[in-house]
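The data block below is query.csv; it holds CSV, C-alpha atoms and all ligand atoms.
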```csv
chain,number,residue,atom,x,y,z
A,1446,MET,CA,15.0,0.6,-41.0
A,1447,ALA,CA,14.9,4.4,-40.4
A,1448,LYS,CA,17.7,5.7,-38.3
A,1449,ILE,CA,18.2,9.0,-36.6
A,1450,ASP,CA,21.4,10.9,-36.4
A,1451,LYS,CA,23.1,10.5,-33.0
A,1452,ASN,CA,23.7,14.2,-32.7
A,1453,ILE,CA,20.1,15.0,-33.3
A,1454,ILE,CA,19.2,12.5,-30.5
A,1455,ASP,CA,21.6,14.2,-28.1
A,1456,LYS,CA,20.1,17.6,-29.0
A,1457,VAL,CA,16.6,16.3,-28.4
A,1458,LEU,CA,17.6,14.8,-25.0
A,1459,GLU,CA,19.4,18.0,-24.0
A,1460,THR,CA,16.3,20.1,-24.8
A,1461,ALA,CA,13.5,17.9,-23.5
A,1462,LYS,CA,12.3,18.7,-20.0
A,1463,ILE,CA,10.7,15.9,-17.9
A,1464,GLU,CA,8.2,18.2,-16.2
A,1465,GLU,CA,6.9,19.6,-19.6
A,1466,VAL,CA,6.6,16.1,-21.1
A,1467,VAL,CA,4.8,14.6,-18.1
A,1468,LYS,CA,2.5,17.6,-18.0
A,1469,ASP,CA,1.7,17.1,-21.7
A,1470,CYS,CA,0.8,13.5,-20.9
A,1471,LEU,CA,-0.9,13.8,-17.6
A,1472,GLY,CA,-2.3,17.3,-17.6
A,1473,SER,CA,-1.9,19.9,-14.9
A,1474,TYR,CA,-3.3,19.9,-11.4
A,1475,ASP,CA,-3.8,23.6,-11.5
A,1476,SER,CA,-6.1,23.4,-14.5
A,1477,GLY,CA,-8.4,21.1,-12.6
A,1478,ASN,CA,-6.9,17.7,-13.5
A,1479,LYS,CA,-6.8,15.9,-10.1
A,1480,GLY,CA,-4.2,13.4,-11.3
A,1481,GLY,CA,-2.2,16.0,-13.1
A,1482,LEU,CA,1.2,17.5,-12.4
A,1483,LYS,CA,1.4,19.6,-9.3
A,1484,LYS,CA,4.4,21.7,-8.3
A,1485,THR,CA,5.6,21.2,-4.7
A,1486,GLY,CA,8.7,23.2,-4.2
A,1487,VAL,CA,11.5,22.3,-6.5
A,1488,ARG,CA,9.8,19.1,-7.6
A,1489,TYR,CA,6.5,18.0,-8.9
A,1490,GLU,CA,4.0,15.3,-7.8
A,1491,ALA,CA,1.2,13.6,-9.7
A,1492,LEU,CA,-0.9,10.4,-9.5
A,1493,CYS,CA,1.3,7.7,-10.8
A,1494,PRO,CA,0.1,6.6,-14.3
A,1495,PHE,CA,1.8,3.2,-14.0
A,1496,HIS,CA,-0.2,1.8,-11.1
A,1497,ASP,CA,-3.7,2.3,-9.7
A,1498,ASP,CA,-2.6,5.3,-7.7
A,1499,LYS,CA,-5.2,7.0,-5.4
A,1500,SER,CA,-3.1,9.6,-3.6
A,1501,LEU,CA,-0.3,12.1,-4.1
A,1502,GLY,CA,3.0,11.3,-2.4
A,1503,SER,CA,4.4,8.3,-4.5
A,1504,PHE,CA,5.0,9.7,-7.9
A,1505,VAL,CA,7.6,12.5,-8.0
A,1506,VAL,CA,9.1,14.4,-11.0
A,1507,TYR,CA,12.6,15.9,-10.5
A,1508,PRO,CA,13.4,18.8,-12.9
A,1509,LYS,CA,17.0,18.8,-11.6
A,1510,GLY,CA,17.7,15.2,-12.5
A,1511,ASN,CA,15.3,15.4,-15.5
A,1512,CYS,CA,13.7,12.2,-14.3
A,1513,TYR,CA,10.7,10.7,-12.5
A,1514,LYS,CA,10.3,8.1,-9.9
A,1515,CYS,CA,7.4,6.3,-8.2
A,1516,PHE,CA,8.1,5.2,-4.6
A,1517,SER,CA,5.1,2.7,-4.7
A,1518,CYS,CA,5.5,0.7,-7.9
A,1519,GLY,CA,9.1,1.5,-8.6
A,1520,ALA,CA,8.6,3.0,-12.1
A,1521,GLY,CA,11.3,5.5,-12.9
A,1522,GLY,CA,13.5,6.9,-15.6
A,1523,GLY,CA,14.0,9.8,-17.9
A,1524,VAL,CA,12.0,11.6,-20.5
A,1525,VAL,CA,12.3,9.0,-23.2
A,1526,ASP,CA,11.6,6.2,-20.8
A,1527,PHE,CA,8.4,8.0,-19.6
A,1528,LEU,CA,7.2,8.5,-23.2
A,1529,MET,CA,7.9,4.9,-24.2
A,1530,LYS,CA,6.1,3.5,-21.2
A,1531,HIS,CA,3.2,6.0,-21.1
A,1532,GLU,CA,2.5,6.5,-24.8
A,1533,GLY,CA,3.6,3.0,-25.8
A,1534,LEU,CA,6.2,4.4,-28.3
A,1535,THR,CA,9.3,2.8,-29.6
A,1536,TYR,CA,12.6,4.6,-28.9
A,1537,PRO,CA,12.9,6.3,-32.3
A,1538,ASP,CA,9.2,7.3,-32.2
A,1539,ALA,CA,9.8,8.8,-28.7
A,1540,ILE,CA,12.6,10.9,-30.2
A,1541,ARG,CA,10.4,12.0,-33.0
A,1542,TRP,CA,7.6,12.9,-30.5
A,1543,LEU,CA,10.1,15.1,-28.7
A,1544,GLY,CA,11.5,16.5,-31.9
A,1545,LYS,CA,8.0,17.7,-32.8
A,1546,LYS,CA,7.4,19.2,-29.4
A,1547,TYR,CA,10.6,21.1,-29.3
A,1548,ASN,CA,10.8,22.0,-33.0
A,1549,ILE,CA,13.9,20.0,-33.6
A,1550,PRO,CA,13.8,18.5,-37.1
A,1551,VAL,CA,14.4,14.8,-36.6
A,1552,ASP,CA,15.7,13.6,-40.0
A,1553,ASP,CA,16.0,9.9,-40.6
A,1554,MET,CA,19.6,9.4,-41.3
A,1555,SER,CA,21.6,6.3,-41.6
A,1556,VAL,CA,23.5,6.4,-38.4
A,1557,ASP,CA,22.9,3.6,-35.9
A,1558,TRP,CA,21.3,4.1,-32.5
A,1559,THR,CA,20.8,2.1,-29.4
A,1560,TYR,CA,18.5,2.9,-26.5
A,1561,THR,CA,20.2,3.2,-23.2
A,1562,PRO,CA,17.7,3.9,-20.4
A,1563,ARG,CA,18.6,7.0,-18.6
A,1564,PRO,CA,19.5,6.1,-15.1
A,1565,VAL,CA,17.5,7.7,-12.3
A,1566,PRO,CA,19.9,9.7,-10.1
A,1567,PRO,CA,21.5,7.6,-7.4
A,1568,PRO,CA,19.1,7.2,-4.5
A,1569,LEU,CA,19.4,9.6,-1.6
A,1570,PRO,CA,19.6,8.2,1.9
A,1571,MET,CA,16.2,6.7,3.0
A,1572,LEU,CA,14.0,8.9,5.1
A,1573,GLU,CA,13.9,7.8,8.8
A,1574,LEU,CA,11.3,9.4,11.0
A,1575,PRO,CA,11.9,9.8,14.7
A,1576,ALA,CA,10.4,6.9,16.8
A,1577,ALA,CA,9.1,9.5,19.3
A,1578,MET,CA,6.8,10.8,16.6
A,1579,VAL,CA,5.1,7.4,16.5
A,1580,GLU,CA,4.8,7.0,20.2
A,1581,LYS,CA,3.2,10.5,20.5
A,1582,THR,CA,0.5,9.5,18.1
A,1583,MET,CA,-0.4,6.3,19.9
A,1584,LYS,CA,-1.9,8.2,22.8
A,1585,ALA,CA,-5.1,9.5,21.3
A,1586,ILE,CA,-6.5,6.0,20.9
A,1587,ASP,CA,-10.0,6.9,22.1
A,1588,HIS,CA,-10.5,9.5,19.4
A,1589,ASP,CA,-9.8,7.1,16.6
A,1590,ASN,CA,-13.0,6.3,14.6
A,1591,LEU,CA,-11.7,3.0,13.3
A,1592,VAL,CA,-10.7,1.9,16.8
A,1593,LYS,CA,-14.2,2.8,18.0
A,1594,TRP,CA,-15.7,0.5,15.4
A,1595,MET,CA,-13.1,-2.2,15.9
A,1596,ARG,CA,-13.9,-2.3,19.6
A,1597,LEU,CA,-17.7,-2.1,19.4
A,1598,GLY,CA,-18.6,-3.2,15.9
A,1599,VAL,CA,-17.3,-6.7,15.9
A,1600,ASN,CA,-18.5,-9.6,18.0
A,1601,TRP,CA,-15.1,-10.6,19.4
A,1602,ASP,CA,-14.7,-13.2,22.1
A,1603,THR,CA,-12.8,-12.4,25.3
A,1604,VAL,CA,-9.4,-13.5,23.9
A,1605,GLN,CA,-9.9,-11.6,20.7
A,1606,ARG,CA,-10.8,-8.4,22.7
A,1607,TYR,CA,-7.4,-8.8,24.4
A,1608,ASN,CA,-5.8,-9.5,21.0
A,1609,LEU,CA,-7.3,-6.3,19.5
A,1610,GLU,CA,-5.7,-4.0,22.1
A,1611,LYS,CA,-2.4,-5.9,21.7
A,1612,ALA,CA,-2.5,-5.7,17.9
A,1613,LEU,CA,-3.1,-1.9,18.0
A,1614,PHE,CA,-0.1,-1.7,20.2
A,1615,ASP,CA,2.2,-4.2,18.4
A,1616,TYR,CA,1.5,-2.6,15.0
A,1617,ARG,CA,2.0,0.9,16.6
A,1618,VAL,CA,-1.2,2.2,15.2
A,1619,GLY,CA,-1.3,6.0,15.6
A,1620,HIS,CA,-4.3,8.2,16.1
A,1621,GLY,CA,-5.2,11.7,15.1
A,1622,LYS,CA,-7.1,14.2,17.2
A,1623,ASN,CA,-10.0,14.3,14.6
A,1624,GLY,CA,-10.7,10.6,14.4
A,1625,HIS,CA,-7.9,9.7,12.0
A,1626,THR,CA,-5.9,6.5,12.1
A,1627,ILE,CA,-2.2,6.5,11.3
A,1628,PHE,CA,-0.7,3.3,10.0
A,1629,TRP,CA,3.0,3.7,10.5
A,1630,GLN,CA,5.4,1.8,8.2
A,1631,CYS,CA,8.4,0.5,10.1
A,1632,ASP,CA,10.8,-1.7,8.2
A,1633,GLU,CA,12.5,-5.0,9.3
A,1634,ASN,CA,15.2,-3.0,11.1
A,1635,ASP,CA,12.5,-1.1,13.1
A,1636,LYS,CA,13.2,2.2,11.3
A,1637,VAL,CA,10.1,4.3,10.9
A,1638,ARG,CA,9.9,5.0,7.1
A,1639,THR,CA,6.6,6.8,6.7
A,1640,GLY,CA,3.0,6.4,7.6
A,1641,LYS,CA,-0.4,6.5,6.1
A,1642,MET,CA,-3.0,8.8,7.7
A,1643,MET,CA,-6.5,7.7,6.9
A,1644,LEU,CA,-9.9,8.7,8.0
A,1645,TYR,CA,-12.5,6.1,8.7
A,1646,ARG,CA,-16.1,6.5,9.8
A,1647,GLU,CA,-17.4,5.0,13.0
A,1648,ASP,CA,-19.0,2.2,11.0
A,1649,GLY,CA,-15.5,1.0,10.0
A,1650,HIS,CA,-15.7,2.2,6.4
A,1651,ARG,CA,-13.4,4.7,4.8
A,1652,ASP,CA,-14.5,8.4,4.9
A,1653,LYS,CA,-13.7,9.5,1.4
A,1654,VAL,CA,-15.7,12.7,1.5
A,1655,SER,CA,-14.1,14.7,4.3
A,1656,LYS,CA,-11.1,16.9,3.6
A,1657,TRP,CA,-7.7,15.3,4.6
A,1658,ASN,CA,-9.1,11.8,4.5
A,1659,PHE,CA,-5.8,10.4,3.2
A,1660,ASP,CA,-2.2,11.5,3.4
A,1661,PHE,CA,1.2,10.0,3.5
A,1662,ILE,CA,3.2,11.4,6.5
A,1663,HIS,CA,6.2,12.1,4.3
A,1664,SER,CA,4.1,14.1,2.0
A,1665,SER,CA,2.5,16.1,4.8
A,1666,LEU,CA,5.9,16.9,6.2
A,1667,SER,CA,7.2,18.2,2.9
A,1668,ARG,CA,4.3,20.3,1.8
A,1669,LYS,CA,5.0,24.0,1.2
A,1670,ARG,CA,2.6,26.8,1.2
A,1671,ASN,CA,4.6,28.7,-1.4
A,1672,GLU,CA,7.1,27.5,-3.8
A,1673,ASP,CA,9.9,29.7,-2.4
A,1674,ASP,CA,9.3,28.7,1.2
A,1675,PRO,CA,11.9,26.5,2.9
A,1676,TRP,CA,10.9,22.9,3.6
A,1677,PRO,CA,8.6,23.0,6.6
A,1678,PHE,CA,10.3,20.5,8.8
A,1679,PRO,CA,13.9,20.3,7.5
A,1680,SER,CA,15.2,18.6,10.7
A,1681,ILE,CA,12.8,15.7,10.2
A,1682,PHE,CA,12.5,15.5,6.4
A,1683,ASP,CA,14.5,17.4,3.9
A,1684,PRO,CA,13.5,16.1,0.5
A,1685,ASP,CA,16.7,17.4,-1.1
A,1686,LYS,CA,18.8,15.1,1.2
A,1687,GLN,CA,16.5,12.1,1.9
A,1688,GLU,CA,14.0,10.2,-0.1
A,1689,PRO,CA,10.9,8.4,1.1
A,1690,HIS,CA,10.8,4.6,1.3
A,1691,LEU,CA,7.5,2.7,1.5
A,1692,CYS,CA,7.4,-0.6,3.2
A,1693,PHE,CA,4.8,-3.2,4.2
A,1694,PHE,CA,2.8,-2.4,7.3
A,1695,GLY,CA,3.8,-4.8,10.0
A,1696,MET,CA,7.3,-5.4,8.6
A,1697,HIS,CA,8.9,-4.5,12.0
A,1698,LEU,CA,7.5,-7.7,13.5
A,1699,LEU,CA,9.6,-9.8,11.2
A,1700,ASN,CA,12.7,-10.2,13.3
A,1701,ARG,CA,10.8,-10.5,16.5
A,1702,PHE,CA,9.1,-13.7,15.4
A,1703,PRO,CA,11.7,-15.6,13.4
A,1704,ASN,CA,9.6,-18.7,12.6
A,1705,ALA,CA,6.3,-17.1,11.7
A,1706,ALA,CA,4.8,-17.4,8.2
A,1707,ILE,CA,4.0,-14.1,6.6
A,1708,LYS,CA,0.5,-13.5,5.5
A,1709,ILE,CA,0.0,-10.5,3.2
A,1710,VAL,CA,-3.3,-8.7,2.7
A,1711,GLU,CA,-4.0,-5.4,0.9
A,1712,SER,CA,-5.3,-3.1,3.6
A,1713,GLU,CA,-3.8,-2.2,7.0
A,1714,LYS,CA,-7.2,-2.4,8.6
A,1715,THR,CA,-7.5,-6.0,7.4
A,1716,ALA,CA,-4.0,-6.9,8.8
A,1717,VAL,CA,-5.0,-5.6,12.3
A,1718,LEU,CA,-8.4,-7.4,12.2
A,1719,MET,CA,-6.8,-10.7,11.2
A,1720,ALA,CA,-4.1,-10.3,13.8
A,1721,THR,CA,-7.0,-9.8,16.3
A,1722,ALA,CA,-9.1,-12.8,15.0
A,1723,TYR,CA,-6.1,-15.2,14.8
A,1724,GLY,CA,-3.7,-13.4,17.1
A,1725,ASN,CA,-0.4,-15.2,17.4
A,1726,HIS,CA,2.6,-13.5,15.9
A,1727,THR,CA,4.8,-16.6,16.7
A,1728,MET,CA,2.9,-18.6,14.1
A,1729,GLN,CA,1.9,-15.9,11.6
A,1730,ILE,CA,2.5,-12.3,11.0
A,1731,TRP,CA,-0.2,-10.4,9.1
A,1732,MET,CA,1.2,-7.6,6.9
A,1733,ALA,CA,-0.5,-5.1,4.6
A,1734,CYS,CA,1.1,-4.2,1.3
A,1735,GLY,CA,-1.2,-1.3,0.7
A,1736,GLY,CA,-1.8,-2.3,-3.0
A,1737,LEU,CA,-0.7,-4.9,-5.5
A,1738,GLU,CA,1.9,-2.6,-7.0
A,1739,MET,CA,3.7,-2.5,-3.7
A,1740,ILE,CA,4.4,-6.3,-4.0
A,1741,THR,CA,7.8,-6.3,-5.7
A,1742,ARG,CA,10.7,-8.7,-5.5
A,1743,GLU,CA,12.7,-5.9,-3.8
A,1744,ARG,CA,10.2,-5.4,-1.0
A,1745,LEU,CA,9.9,-9.2,-0.5
A,1746,GLN,CA,13.6,-9.6,-0.3
A,1747,PRO,CA,14.0,-9.4,3.5
A,1748,LEU,CA,11.3,-12.2,3.7
A,1749,ILE,CA,13.0,-14.3,1.0
A,1750,ASP,CA,16.4,-13.9,2.6
A,1751,GLN,CA,15.0,-15.5,5.7
A,1752,LYS,CA,13.2,-18.2,3.6
A,1753,ARG,CA,9.9,-17.3,5.1
A,1754,ARG,CA,6.7,-18.9,3.9
A,1755,ILE,CA,4.6,-16.2,2.3
A,1756,ILE,CA,0.9,-16.4,1.7
A,1757,LEU,CA,-1.0,-13.8,-0.2
A,1758,TYR,CA,-4.7,-13.1,0.5
A,1759,PRO,CA,-6.2,-11.1,-2.3
A,1760,ASP,CA,-9.5,-9.3,-2.2
A,1761,ARG,CA,-12.3,-11.1,-4.1
A,1762,ASP,CA,-12.1,-8.8,-7.1
A,1763,GLY,CA,-8.3,-9.0,-7.3
A,1764,ILE,CA,-7.8,-12.8,-7.4
A,1765,GLU,CA,-6.6,-13.0,-11.0
A,1766,LYS,CA,-4.2,-10.1,-10.8
A,1767,TRP,CA,-2.7,-11.3,-7.6
A,1768,LYS,CA,-2.2,-14.8,-9.1
A,1769,VAL,CA,-0.2,-13.3,-12.0
A,1770,LYS,CA,1.9,-11.3,-9.5
A,1771,ALA,CA,2.5,-14.3,-7.3
A,1772,GLU,CA,3.9,-16.1,-10.4
A,1773,GLN,CA,6.2,-13.2,-11.3
A,1774,MET,CA,7.8,-13.3,-7.8
A,1775,HIS,CA,9.6,-16.6,-8.7
A,1776,TYR,CA,9.7,-17.7,-5.0
A,1777,ASP,CA,8.8,-21.3,-4.3
A,1778,ARG,CA,7.7,-20.6,-0.7
A,1779,LEU,CA,5.1,-18.1,-1.8
A,1780,ALA,CA,1.5,-19.3,-2.1
A,1781,ILE,CA,-1.9,-17.6,-2.6
A,1782,ASP,CA,-4.9,-18.4,-0.6
A,1783,THR,CA,-8.2,-17.5,-2.2
A,1784,GLU,CA,-10.4,-19.8,-0.1
A,1785,PRO,CA,-11.6,-17.1,2.4
A,1786,VAL,CA,-13.0,-15.0,-0.4
A,1787,THR,CA,-14.4,-17.9,-2.5
A,1788,LYS,CA,-15.4,-20.8,-0.3
A,1789,TRP,CA,-16.2,-18.9,2.9
A,1790,TRP,CA,-17.7,-15.9,0.9
A,1791,LYS,CA,-21.4,-15.0,0.9
A,1792,PRO,CA,-23.1,-12.5,-1.4
A,1793,GLU,CA,-23.7,-10.1,1.6
A,1794,ASP,CA,-19.9,-9.8,1.9
A,1795,GLY,CA,-19.9,-7.9,-1.4
A,1796,GLU,CA,-18.0,-8.5,-4.7
A,1797,LYS,CA,-15.0,-6.6,-3.4
A,1798,ALA,CA,-14.8,-8.4,-0.1
A,1799,ASP,CA,-11.4,-9.2,1.5
A,1800,ILE,CA,-10.7,-11.9,4.1
A,1801,ALA,CA,-11.5,-9.6,7.0
A,1802,ASP,CA,-15.0,-8.7,5.6
A,1803,VAL,CA,-15.7,-12.4,5.5
A,1804,VAL,CA,-14.3,-13.2,9.0
A,1805,VAL,CA,-16.1,-10.2,10.6
A,1806,ARG,CA,-19.4,-11.2,9.0
A,1807,MET,CA,-18.9,-14.7,10.3
A,1808,LEU,CA,-18.2,-13.4,13.8
A,1809,ASN,CA,-21.1,-11.0,13.7
A,1810,THR,CA,-23.6,-13.6,12.6
A,1811,SER,CA,-22.6,-16.5,14.7
A,1812,LYS,CA,-24.8,-16.9,17.7
A,1813,PRO,CA,-23.2,-17.7,21.0
A,1814,LEU,CA,-23.7,-21.3,22.0
A,1815,THR,CA,-25.9,-20.8,25.1
A,1816,ASN,CA,-28.1,-23.9,25.1
A,1817,ILE,CA,-28.2,-27.4,23.7
A,1818,HIS,CA,-30.5,-26.3,20.9
A,1819,ASP,CA,-27.9,-23.9,19.5
A,1820,VAL,CA,-25.3,-26.5,19.8
A,1821,ALA,CA,-27.4,-29.0,17.8
A,1822,GLU,CA,-28.1,-26.4,15.2
A,1823,GLN,CA,-24.6,-25.1,14.7
A,1824,MET,CA,-22.7,-28.4,15.1
A,1825,PRO,CA,-24.7,-31.0,13.3
A,1826,GLN,CA,-22.1,-33.6,14.1
A,1827,VAL,CA,-23.1,-33.7,17.8
A,1828,LYS,CA,-26.8,-34.2,17.0
A,1829,PRO,CA,-26.6,-38.0,17.3
A,1830,LEU,CA,-25.0,-37.7,20.7
A,1831,ILE,CA,-27.7,-35.3,21.9
A,1832,ASP,CA,-30.3,-37.8,20.7
A,1833,LYS,CA,-28.5,-40.8,22.2
A,1834,LEU,CA,-28.2,-39.2,25.6
A,1835,ASN,CA,-31.8,-38.0,25.2
A,1836,LEU,CA,-30.9,-34.5,26.2
A,1837,GLU,CA,-33.8,-32.1,26.2
A,1838,ILE,CA,-34.2,-28.5,25.5
A,1839,GLN,CA,-35.7,-26.8,28.5
A,1840,ASP,CA,-37.2,-23.4,28.8
A,1841,GLU,CA,-35.7,-21.2,31.4
A,1901,ZN,ZN,3.6,3.9,-9.5
```
Output the file's structure as structure tokens, nothing else.
Amino acid sequence: MAKIDKNIIDKVLETAKIEEVVKDCLGSYDSGNKGGLKKTGVRYEALCPFHDDKSLGSFVVYPKGNCYKCFSCGAGGGVVDFLMKHEGLTYPDAIRWLGKKYNIPVDDMSVDWTYTPRPVPPPLPMLELPAAMVEKTMKAIDHDNLVKWMRLGVNWDTVQRYNLEKALFDYRVGHGKNGHTIFWQCDENDKVRTGKMMLYREDGHRDKVSKWNFDFIHSSLSRKRNEDDPWPFPSIFDPDKQEPHLCFFGMHLLNRFPNAAIKIVESEKTAVLMATAYGNHTMQIWMACGGLEMITRERLQPLIDQKRRIILYPDRDGIEKWKVKAEQMHYDRLAIDTEPVTKWWKPEDGEKADIADVVVRMLNTSKPLTNIHDVAEQMPQVKPLIDKLNLEIQDE
């Protein structure tokens, strides 16, 4: 087997720069590549190539530590780790790749090597945002496009109408001046970690066209106009001293309801809708993971420590992938429920439907039971009783 001199390896590792290697692999944002590497101050951001990333803010490249880290899926490491993972190279081939890039002749010599993954620098203290920031955003509720739809677009009953306002409050949903919704992420100890600002349309669907239709709060707090500018809000978030931490939406409810089962859906909107439809945190807490890559053993740990029952509710088009993930978690109190998006599902819900799409359709198409005729039609089991009692349908 071909072997490479240890000294050559050291030379390659000393020379290789993470930002240059990642740029070679992902392209550059400035040259029009939307997912490419973008300089933000002393670090870089990109769309994470290791999960289905749709927004900047998770994947960060640190020239200082010569490493990268994704705060969503947990991927991270040094130059060689990145190349092995991204390009599918073996360790010696990654060294050869770098040798070629940096003009270091990598001769195959008979000295042994072992691959030791480069450690990501020790994590910085987790970012904690002020609670007052959350409270402030909860006031503009009537401007929120999603709330408008949630209030008017769904055929809730009286109890559910009450549940909706309670859910918006319990989940601490924030609202922007221009119709935005802010889904704050507070952890199990009630610390505000970050938030997702999203723009919905008044029909309840995402607005993916307008500018600023998505942003992580930690990203927006650390965005500089010019590279040499100081961090814009150093007293709230100084990226050199703190690092972001993403958690499940609804996690702060965990310790308030010690006996509840945990039901995990993908989107925050779905969690709020389900808490509204079946609102009782004592029995069940609906949480949103924000994407399959966010479901990791590490993030589930607070739930596992408390031996909570966990039920995953995948979208219809994600069933197989979620099943694989559920297996990987190796937790015997975790189950996956696909019934709402299979048995309850109807074609008009769409191939990508999630549990809330199905439930909202059911609510919006069910007729209120106003007379005996409706009762007989919707509840066939009472038909014999109606016949037996000889009840008649009368016109008003
Ligand atoms: Zn990632």
* Asked: Can you tell me which residues sit at most 8 Å away from ligand ZN 1901 (chain A), counting only C-alpha atoms and all ligand atoms, written as a VMD selection string?
  -> chain A and resid 1492 to 1498 1503 to 1504 1514 to 1520 1738
* **For atom CA of A:Pro1570 and atom CA of A:Ser1665, the interatomic separation in Å (one decimal)** => 19.1 Å
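With all atoms listed in the file as the atoms that count, the minimum distance from A:His1697 to the choices A:Arg1617, A:Lys1656, A:Lys1669, A:Lys1791 is reached by A:Arg1617.
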* To do: Could you check which of A:Ala1801, A:Leu1543, A:Leu1757, A:Ala1491 is closest to A:Asp1455, using all atoms listed in the file?
  =>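 Closest to A:Asp1455, using all atoms listed in the file: A:Leu1543.
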* Which value, in Å to one decimal, gives the distance between atom CA of A:Gly1544 and atom CA of A:Ala1461? -> 8.7 Å
* Of the residues A:Leu1613, A:Thr1485, A:Lys1770, A:His1531, which is the one nearest to A:Pro1677, using all atoms listed in the file? -> A:Thr1485
* Asked: Of the residues A:Cys1512, A:Leu1569, A:Met1578, A:Val1618, which is the one nearest to A:Glu1465, using all atoms listed in the file?
  ->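 Among the listed residues, A:Cys1512 lies closest to A:Glu1465.
Remark: for A:Ala1705, the closest of the candidate residues A:Ala1539, A:Met1732, A:Ile1740, A:Ala1722 is A:Met1732 (distances computed over all atoms listed in the file).
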* To do: Between atom CA of A:Gly1523 and atom CA of A:Asn1511, measure the distance and give it in Å to one decimal.
  =>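 Taking atom CA of A:Gly1523 and atom CA of A:Asn1511, their separation equals 6.2 Å.
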Output file request: stretch 1760-1776 of chain A, with C-alpha atoms, as a PDB file, in the first residue's frame.
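Listing of selection-v8.pdb after writing:
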```pdb
ATOM      1  CA  ASP A1760     -44.154  14.889   5.920  1.00  0.00           C
ATOM      2  CA  ARG A1761     -45.621  12.543   3.331  1.00  0.00           C
ATOM      3  CA  ASP A1762     -42.555  12.824   1.085  1.00  0.00           C
ATOM      4  CA  GLY A1763     -40.141  12.253   3.975  1.00  0.00           C
ATOM      5  CA  ILE A1764     -41.466   9.012   5.451  1.00  0.00           C
ATOM      6  CA  GLU A1765     -38.614   6.729   4.379  1.00  0.00           C
ATOM      7  CA  LYS A1766     -35.820   9.086   5.439  1.00  0.00           C
ATOM      8  CA  TRP A1767     -37.450   9.730   8.810  1.00  0.00           C
ATOM      9  CA  LYS A1768     -37.825   5.997   9.393  1.00  0.00           C
ATOM     10  CA  VAL A1769     -34.095   5.533   8.830  1.00  0.00           C
ATOM     11  CA  LYS A1770     -33.341   8.400  11.210  1.00  0.00           C
ATOM     12  CA  ALA A1771     -35.682   6.986  13.863  1.00  0.00           C
ATOM     13  CA  GLU A1772     -33.759   3.694  13.755  1.00  0.00           C
ATOM     14  CA  GLN A1773     -30.437   5.500  14.128  1.00  0.00           C
ATOM     15  CA  MET A1774     -31.524   7.183  17.356  1.00  0.00           C
ATOM     16  CA  HIS A1775     -31.478   3.840  19.223  1.00  0.00           C
ATOM     17  CA  TYR A1776     -34.113   4.905  21.720  1.00  0.00           C
TER      18      TYR A1776
END
```
